[in-house]
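**Student:** Provided below: final_36.pdb, containing PDB, C-alpha atoms, pLDDT in the B column.
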ATOM      1  CA  MET C  45     135.637 202.807 131.341  1.00 59.00           C
ATOM      2  CA  VAL C  46     134.251 200.384 128.804  1.00 60.00           C
ATOM      3  CA  ILE C  47     134.029 201.702 125.277  1.00 60.00           C
ATOM      4  CA  GLY C  48     131.637 200.007 122.903  1.00 57.00           C
ATOM      5  CA  THR C  49     128.396 198.168 123.319  1.00 65.00           C
ATOM      6  CA  LEU C  50     127.022 196.708 126.518  1.00 68.00           C
ATOM      7  CA  ASP C  51     125.667 193.703 124.626  1.00 75.00           C
ATOM      8  CA  TYR C  52     128.865 191.788 125.405  1.00 80.00           C
ATOM      9  CA  CYS C  53     129.184 192.750 129.073  1.00 82.00           C
ATOM     10  CA  ALA C  54     129.560 190.041 131.644  1.00 85.00           C
ATOM     11  CA  PRO C  55     126.939 190.111 134.413  1.00 83.00           C
ATOM     12  CA  GLU C  56     129.502 190.911 137.106  1.00 83.00           C
ATOM     13  CA  TYR C  57     130.574 194.115 135.356  1.00 81.00           C
ATOM     14  CA  GLY C  58     127.222 195.688 136.205  1.00 73.00           C
ATOM     15  CA  LEU C  59     127.745 194.823 139.866  1.00 78.00           C
ATOM     16  CA  THR C  60     131.406 195.701 140.296  1.00 80.00           C
ATOM     17  CA  GLY C  61     132.331 197.964 137.388  1.00 78.00           C
ATOM     18  CA  ARG C  62     135.606 196.055 137.133  1.00 79.00           C
ATOM     19  CA  LEU C  63     137.048 194.460 134.011  1.00 79.00           C
ATOM     20  CA  THR C  64     138.704 191.079 134.412  1.00 80.00           C
ATOM     21  CA  LYS C  65     139.897 188.199 132.271  1.00 82.00           C
ATOM     22  CA  GLN C  66     136.591 186.502 133.067  1.00 86.00           C
ATOM     23  CA  TYR C  67     134.819 189.474 131.487  1.00 84.00           C
ATOM     24  CA  ASP C  68     136.705 188.889 128.228  1.00 85.00           C
ATOM     25  CA  ILE C  69     135.895 185.184 128.334  1.00 89.00           C
ATOM     26  CA  PHE C  70     132.184 186.016 128.613  1.00 90.00           C
ATOM     27  CA  SER C  71     132.437 188.413 125.669  1.00 88.00           C
ATOM     28  CA  PHE C  72     134.143 185.744 123.571  1.00 89.00           C
ATOM     29  CA  GLY C  73     131.262 183.359 124.343  1.00 91.00           C
ATOM     30  CA  VAL C  74     128.753 185.948 123.145  1.00 91.00           C
ATOM     31  CA  VAL C  75     130.663 186.408 119.876  1.00 91.00           C
ATOM     32  CA  LEU C  76     130.798 182.640 119.364  1.00 90.00           C
ATOM     33  CA  LEU C  77     127.016 182.412 119.915  1.00 92.00           C
ATOM     34  CA  GLU C  78     126.540 185.200 117.350  1.00 91.00           C
ATOM     35  CA  LEU C  79     128.594 183.285 114.799  1.00 88.00           C
ATOM     36  CA  ILE C  80     126.679 180.051 115.335  1.00 89.00           C
ATOM     37  CA  THR C  81     123.184 181.548 115.433  1.00 90.00           C
ATOM     38  CA  GLY C  82     123.553 184.401 112.959  1.00 89.00           C
ATOM     39  CA  ARG C  83     121.892 186.738 115.473  1.00 87.00           C
ATOM     40  CA  LYS C  84     123.072 189.864 117.231  1.00 86.00           C
ATOM     41  CA  ALA C  85     123.865 189.868 120.940  1.00 83.00           C
ATOM     42  CA  ILE C  86     120.645 191.817 121.586  1.00 76.00           C
ATOM     43  CA  GLN C  87     117.667 191.528 119.235  1.00 70.00           C
ATOM     44  CA  GLU C  88     116.430 195.109 118.836  1.00 71.00           C
ATOM     45  CA  ASN C  89     113.389 194.062 116.801  1.00 66.00           C
ATOM     46  CA  LEU C  90     111.922 191.936 119.601  1.00 62.00           C
ATOM     47  CA  ALA C  91     109.728 193.537 122.228  1.00 60.00           C
ATOM     48  CA  ALA C  92     111.402 191.772 125.153  1.00 64.00           C
ATOM     49  CA  LYS C  93     114.887 192.215 123.612  1.00 62.00           C
ATOM     50  CA  PRO C  94     116.345 189.047 125.136  1.00 77.00           C
ATOM     51  CA  SER C  95     120.087 188.704 125.079  1.00 85.00           C
ATOM     52  CA  ILE C  96     121.539 185.952 122.937  1.00 88.00           C
ATOM     53  CA  VAL C  97     122.817 184.307 126.113  1.00 88.00           C
ATOM     54  CA  VAL C  98     119.327 184.076 127.616  1.00 86.00           C
ATOM     55  CA  TRP C  99     117.721 183.103 124.306  1.00 85.00           C
ATOM     56  CA  THR C 100     120.129 180.219 123.588  1.00 88.00           C
ATOM     57  CA  GLN C 101     120.206 178.646 127.074  1.00 86.00           C
ATOM     58  CA  PRO C 102     117.174 176.330 126.704  1.00 86.00           C
ATOM     59  CA  TYR C 103     118.352 175.178 123.275  1.00 86.00           C
ATOM     60  CA  ILE C 104     121.941 174.483 124.259  1.00 82.00           C
ATOM     61  CA  SER C 105     121.021 172.557 127.393  1.00 75.00           C
ATOM     62  CA  ASP C 106     118.641 170.264 125.455  1.00 76.00           C
ATOM     63  CA  SER C 107     120.610 168.166 122.975  1.00 71.00           C
ATOM     64  CA  THR C 108     117.487 167.566 120.887  1.00 77.00           C
ATOM     65  CA  LYS C 109     116.869 171.295 120.341  1.00 84.00           C
ATOM     66  CA  PHE C 110     120.292 172.814 119.701  1.00 82.00           C
ATOM     67  CA  LYS C 111     119.882 172.573 115.919  1.00 82.00           C
ATOM     68  CA  GLU C 112     116.950 175.007 116.125  1.00 86.00           C
ATOM     69  CA  ILE C 113     119.233 177.954 116.923  1.00 87.00           C
ATOM     70  CA  VAL C 114     121.790 177.441 114.149  1.00 86.00           C
ATOM     71  CA  ASP C 115     121.982 180.148 111.498  1.00 88.00           C
ATOM     72  CA  PRO C 116     119.758 178.936 108.621  1.00 85.00           C
ATOM     73  CA  SER C 117     122.435 179.915 106.100  1.00 84.00           C
ATOM     74  CA  MET C 118     124.657 177.214 107.617  1.00 77.00           C
ATOM     75  CA  GLU C 119     122.074 174.467 107.086  1.00 73.00           C
ATOM     76  CA  GLY C 120     123.750 171.337 105.805  1.00 73.00           C
ATOM     77  CA  CYS C 121     127.186 172.932 106.044  1.00 75.00           C
ATOM     78  CA  HIS C 122     128.125 171.802 109.528  1.00 72.00           C
ATOM     79  CA  PRO C 123     128.648 168.376 111.043  1.00 76.00           C
ATOM     80  CA  GLU C 124     126.300 168.109 114.041  1.00 78.00           C
ATOM     81  CA  ASN C 125     128.850 166.825 116.521  1.00 78.00           C
ATOM     82  CA  GLU C 126     131.249 169.707 115.831  1.00 78.00           C
ATOM     83  CA  LEU C 127     128.433 172.231 116.116  1.00 80.00           C
ATOM     84  CA  ALA C 128     127.375 170.714 119.436  1.00 81.00           C
ATOM     85  CA  GLN C 129     130.973 170.973 120.668  1.00 81.00           C
ATOM     86  CA  ALA C 130     131.263 174.600 119.531  1.00 82.00           C
ATOM     87  CA  LEU C 131     128.018 175.424 121.351  1.00 85.00           C
ATOM     88  CA  ALA C 132     129.358 173.682 124.460  1.00 85.00           C
ATOM     89  CA  VAL C 133     132.472 175.864 124.283  1.00 86.00           C
ATOM     90  CA  ALA C 134     130.269 178.969 123.991  1.00 88.00           C
ATOM     91  CA  GLU C 135     127.997 177.846 126.827  1.00 88.00           C
ATOM     92  CA  MET C 136     130.972 177.398 129.164  1.00 89.00           C
ATOM     93  CA  ARG C 137     132.106 180.953 128.383  1.00 90.00           C
ATOM     94  CA  VAL C 138     128.798 182.693 129.093  1.00 90.00           C
ATOM     95  CA  GLN C 139     128.100 181.223 132.511  1.00 89.00           C
ATOM     96  CA  GLU C 140     126.709 183.790 134.918  1.00 88.00           C
ATOM     97  CA  ASP C 141     129.180 182.839 137.650  1.00 89.00           C
ATOM     98  CA  ALA C 142     132.538 184.242 136.514  1.00 88.00           C
ATOM     99  CA  MET C 143     134.479 181.712 138.574  1.00 89.00           C
ATOM    100  CA  LYS C 144     132.914 178.846 136.595  1.00 91.00           C
ATOM    101  CA  ARG C 145     134.141 180.222 133.264  1.00 91.00           C
ATOM    102  CA  PRO C 146     137.214 178.304 132.116  1.00 89.00           C
ATOM    103  CA  PRO C 147     140.321 180.234 131.089  1.00 86.00           C
ATOM    104  CA  ILE C 148     140.763 181.282 127.475  1.00 82.00           C
ATOM    105  CA  ALA C 149     143.612 178.747 127.171  1.00 85.00           C
ATOM    106  CA  ASP C 150     140.929 176.048 127.327  1.00 83.00           C
ATOM    107  CA  VAL C 151     139.212 177.625 124.312  1.00 77.00           C
ATOM    108  CA  VAL C 152     142.474 177.679 122.428  1.00 77.00           C
ATOM    109  CA  ALA C 153     142.904 173.975 123.219  1.00 79.00           C
ATOM    110  CA  LYS C 154     139.286 172.963 122.506  1.00 76.00           C
ATOM    111  CA  LEU C 155     138.396 174.773 119.267  1.00 71.00           C
ATOM    112  CA  PRO C 156     141.188 173.317 117.112  1.00 63.00           C
ATOM    113  CA  ARG C 157     139.974 169.845 118.101  1.00 62.00           C
ATOM    114  CA  VAL C 158     136.458 170.796 117.024  1.00 60.00           C
ATOM    115  CA  LEU C 159     137.719 172.093 113.697  1.00 59.00           C
ATOM    116  CA  SER C 160     140.066 169.170 113.069  1.00 58.00           C
ATOM    117  CA  GLN C 161     137.181 166.735 113.464  1.00 52.00           C
ATOM    118  CA  ALA C 162     135.060 168.609 110.943  1.00 51.00           C
ATOM    119  CA  ASP C 163     134.173 167.073 107.616  1.00 46.00           C
ATOM    120  CA  GLY C 164     136.329 168.941 105.087  1.00 49.00           C
ATOM    121  CA  GLU C 165     133.560 169.079 102.488  1.00 45.00           C
ATOM    122  CA  ALA C 166     131.130 170.721 104.913  1.00 47.00           C
ATOM    123  CA  TRP C 167     133.648 173.411 105.889  1.00 45.00           C
ATOM    124  CA  ASP C 168     134.486 174.018 102.214  1.00 49.00           C
ATOM    125  CA  LYS C 169     130.807 174.904 101.664  1.00 46.00           C
ATOM    126  CA  ILE C 170     130.970 177.508 104.420  1.00 44.00           C
ATOM    127  CA  GLU C 171     134.055 179.154 102.918  1.00 46.00           C
ATOM    128  CA  ALA C 172     132.508 179.320  99.424  1.00 40.00           C
TER
END
Could you spell out this file's structure in structure tokens?
**Tutor:**
Amino acid sequence: MVIGTLDYCAPEYGLTGRLTKQYDIFSFGVVLLELITGRKAIQENLAAKPSIVVWTQPYISDSTKFKEIVDPSMEGCHPENELAQALAVAEMRVQEDAMKRPPIADVVAKLPRVLSQADGEAWDKIEA
């Protein structure tokens, strides 16, 4: 039995009721999208209540639009190429097909590279 909110549930959980590593990878992707966008997994105040995964898809897939979904409080505090890479990591984790989601080891390998490329001054602003 899953305890907590369904906002982070992978699509296959609704079909099978089984928890897998791929389920956790999906949930991690949702959390990463929340951090980048500053939005909750489900927007209660919107009539259609789209999930963050559905809402971000058109913005992530279009490299000219991805900046539109970034949390406004982060404006000017993030190098664009690192943000694009972080969004790519999130997008890979929230794929509907569980078999297409890379293992969490790939996240562990990818995110430090994103962070190490970051402009130190921009990340200092975020921490302040």
**Student:** Nearest to Ile69 (chain C) among C:Gly82, C:Pro55, C:Pro102, C:Pro123, with distances taken over all atoms listed in the file: which residue is it?
**Tutor:**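 The answer is C:Pro55, which sits nearest to Ile69 (chain C).
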**Student:** Interatomic distance between CA of Asp115 (chain C) and CA of Phe72 (chain C)?
**Tutor:** 18.0 Å
**Student:** Identify, on the basis of all atoms listed in the file, every residue whose closest approach to Asp68 (chain C) does not exceed 10 Å; exclude the query and any residue fewer than 3 positions from it along the same chain; express the result as number ranges by chain.
**Tutor:** C: 52-54, 63-65, 71-74, 137, 147-148
**Student:** In terms of the shortest atom-to-atom distance over all atoms listed in the file, which of C:Gly58, C:Val98, C:Ala132, C:Ala85 is closest to Phe110 (chain C)?
**Tutor:**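 Selected residue with least distance to Phe110 (chain C): C:Ala132.
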**Student:** State, in Å with one decimal place, the distance from CA of Arg145 (chain C) to CA of Thr81 (chain C).
**Tutor:**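 CA of Arg145 (chain C) sits 21.0 Å away from CA of Thr81 (chain C).
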**Student:** Selection in question (the file shown): the PyMOL selection byres ((chain C and resi 134) around 10). Which residues does it include, as a PDB file with C-alpha atoms, keeping the file's coordinate frame?
**Tutor:**
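For reference, out-v2.pdb as written:
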ATOM      1  CA  ILE C  69     135.895 185.184 128.334  1.00 89.00           C
ATOM      2  CA  PHE C  70     132.184 186.016 128.613  1.00 90.00           C
ATOM      3  CA  SER C  71     132.437 188.413 125.669  1.00 88.00           C
ATOM      4  CA  PHE C  72     134.143 185.744 123.571  1.00 89.00           C
ATOM      5  CA  GLY C  73     131.262 183.359 124.343  1.00 91.00           C
ATOM      6  CA  VAL C  74     128.753 185.948 123.145  1.00 91.00           C
ATOM      7  CA  VAL C  75     130.663 186.408 119.876  1.00 91.00           C
ATOM      8  CA  LEU C  76     130.798 182.640 119.364  1.00 90.00           C
ATOM      9  CA  LEU C  77     127.016 182.412 119.915  1.00 92.00           C
ATOM     10  CA  GLU C  78     126.540 185.200 117.350  1.00 91.00           C
ATOM     11  CA  ILE C  80     126.679 180.051 115.335  1.00 89.00           C
ATOM     12  CA  VAL C  97     122.817 184.307 126.113  1.00 88.00           C
ATOM     13  CA  ILE C 104     121.941 174.483 124.259  1.00 82.00           C
ATOM     14  CA  ALA C 128     127.375 170.714 119.436  1.00 81.00           C
ATOM     15  CA  GLN C 129     130.973 170.973 120.668  1.00 81.00           C
ATOM     16  CA  ALA C 130     131.263 174.600 119.531  1.00 82.00           C
ATOM     17  CA  LEU C 131     128.018 175.424 121.351  1.00 85.00           C
ATOM     18  CA  ALA C 132     129.358 173.682 124.460  1.00 85.00           C
ATOM     19  CA  VAL C 133     132.472 175.864 124.283  1.00 86.00           C
ATOM     20  CA  GLU C 135     127.997 177.846 126.827  1.00 88.00           C
ATOM     21  CA  MET C 136     130.972 177.398 129.164  1.00 89.00           C
ATOM     22  CA  ARG C 137     132.106 180.953 128.383  1.00 90.00           C
ATOM     23  CA  VAL C 138     128.798 182.693 129.093  1.00 90.00           C
ATOM     24  CA  GLN C 139     128.100 181.223 132.511  1.00 89.00           C
ATOM     25  CA  VAL C 151     139.212 177.625 124.312  1.00 77.00           C
TER      26      VAL C 151
END
**Student:** When you draw a straight line from CA of Pro146 (chain C) to CA of Cys121 (chain C), how long is it in Å?
**Tutor:**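 Value for the CA of Pro146 (chain C)-CA of Cys121 (chain C) distance: 28.4 Å.
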**Student:** Return as lines of an AutoDock Vina configuration file the centre and edge lengths, in Å with one decimal, of the box along x, y and z that encloses every atom of region 70-78 of chain C in the file, padded by 3 Å per side.
**Tutor:**
center_x = 130.3
center_y = 185.4
center_z = 123.0
size_x = 13.6
size_y = 12.0
size_z = 17.3
**Student:** Counting all atoms listed in the file, which residue out of C:Ala153, C:Pro94, C:Lys144, C:Pro116 sits closest to Leu79 (chain C)?
**Tutor:** C:Pro116
